[in-house]
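Taking it in order: structure first as structure tokens, then the write-up.
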Amino acid sequence: MLEVLGLDQPAEALYIILVDNPPMAVGELCRRTGIEPDAAVAALVRLEDGGLISRLTGSPPLYTALPPEHALEVLLLARERDIHKVRALTGQLTERHREARRSRDSTALIEVVTGRDGVARCGQQLFKRAERELRGIDAPPYAQATDGERVSSATAVAGRDVRSRFIHARHTLSMPGVVARLEVDITAGEEVRFLPEAPMKLIIADDQAALIPLLATPQVLDACILVRPSALLDALSTLFESLWAQAQPYMPGRPVPIGPNEFVSDEERRIVSLLAMGMSDEAISRQLGVGHRTVQRRVQALLGRLGATSRFQAGVLAAGRGWWQLDQERADGPLAASRGRAPISP
């Protein structure tokens, strides 16, 4: 979860161990986390440079976690400043649109699209236009054409080798049916990650066009800005890649043997993944269609199996033990030609 602050998995795992324990040497940290010594030393240097831990003198040196309420707040403020800078661009677009209206032709860099039907059609055109990759931030409200057709990439990219990556706000996991829909998308080849909050709605088709709301927080999606190749499009692309690097993957995958004496079921992987997202037992129960008490029992069993003292630590330890390992073809290879998204909107 601390990936949103720029920490990779080894650094996050080491930091959690140091938060829960007294000062430790590198050898003990490696034993508890299973991280190789060279990787652990490099991660500890990053944590120390980030002001999250301190190295104590001695032989061997010991490492201790600094108070999280101060250390993490500094990193949070830095990320918030980055997001606010890009958000400020949206407030300037209305003025730029007035200039663009004077020469509204096919070469205009910015175009305002109005009306629910117009927004929905424009989003669908972006999906169909993509030749290499679709990228987006999925957040409400959603557009829908007047004839009831939802903006969807499922049919737009079917039969074409188009990569699809989308970021979602974590709170959407509590909405009915979302987990099941996302797992269908992931199985079809969609790459999905989560942030605590989605800063804005966004669709980018290749590096040729992007669609964002005219207002920062619209109540109804009836006005959007179509951005063609320009410095603004480059900024939106950079924003997406920055958020993608910080976002947390949701990868339940399929049940595979992790080791000679360990096997993780599909349901166990789902539960641990949702725990790491910060979901409550009640929300997990609704998403998986399992009784609340059943979820509670399975959560406690998983905590014991992982040797975790907290729900978040369970997610960290499970990831470290390879419970979310995807097969190489899905993780690195070209996406299947039949990939597609369940209905979404710009």
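Just remember, in the structure tokens the first chain shown is A, the second B, etc., residues are 1-based per chain, and ligands are 1-based in the order shown.
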| Within 9 Å of range 213-220 of chain A, counting only C-alpha atoms, which residues qualify if same-chain residues fewer than 6 places away don't, as number ranges by chain? | A: 87, 90-91, 93-94, 112-113, 116, 140-143, 199-202, 226, 346
| message | Which residues are close to range 67-79 of chain A, i.e. within 12 Å by only C-alpha atoms, leaving aside same-chain residues fewer than 6 positions away? Reply as a ChimeraX atom specification. | response | /A:2-7,12,15-16,18-20,47-54,85-86,196,199,239,242-243,246
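For the choices A:Arg55, A:Asp185, A:Asp281, A:Ser310, the atom-to-atom distance to Arg297 in chain A is smallest for A:Asp281 when using only C-alpha atoms.
Atom pair CA of Ile212 in chain A / CA of Ser164 in chain A has a distance of 17.5 Å (rounded to one decimal).
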| task | Pick out the residues sitting within 7 Å of Val192 in chain A, and hand them over as a list in words; count only C-alpha atoms, and ignore anything fewer than 3 positions along from it in its own chain. | result | Arg165, Phe166, Ile167, Ile186, Pro249 and Tyr250 of chain A
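Residues of range 12-182 of chain A assigned to strand (DSSP E) by DSSP on this structure's backbone: A:Ile53, A:Ser54, A:Arg55, A:Leu56, A:Leu62, A:Tyr63, A:Thr64, A:Ala65, A:Ile110, A:Glu111, A:Val112, A:Val113, A:Thr114, A:Glu133, A:Leu134, A:Arg135, A:Gly136, A:Ile137, A:Asp138, A:Arg163, A:Ser164, A:Arg165, A:Phe166, A:Ile167, A:His168, A:Ala169.
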| field | Interatomic distance, CA of Ala301 in chain A to CA of Gly34 in chain A (Å, one decimal) | value |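 Between CA of Ala301 in chain A and CA of Gly34 in chain A the gap is 21.4 Å.
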| query | Taking the backbone alone, and naming residues the way the document does, which bits of range 30-272 of chain A are helix (DSSP H, G or I) by DSSP, as a ChimeraX atom specification? | reply | /A:30-33,37-49,68-103,116-129,170-174,178-187,231-246,266-272
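Shortest separation to Ala223 in chain A among A:Ile110, A:Ile204, A:Ala120, A:Ala39 occurs at residue A:Ala120, atoms counted being only C-alpha atoms.
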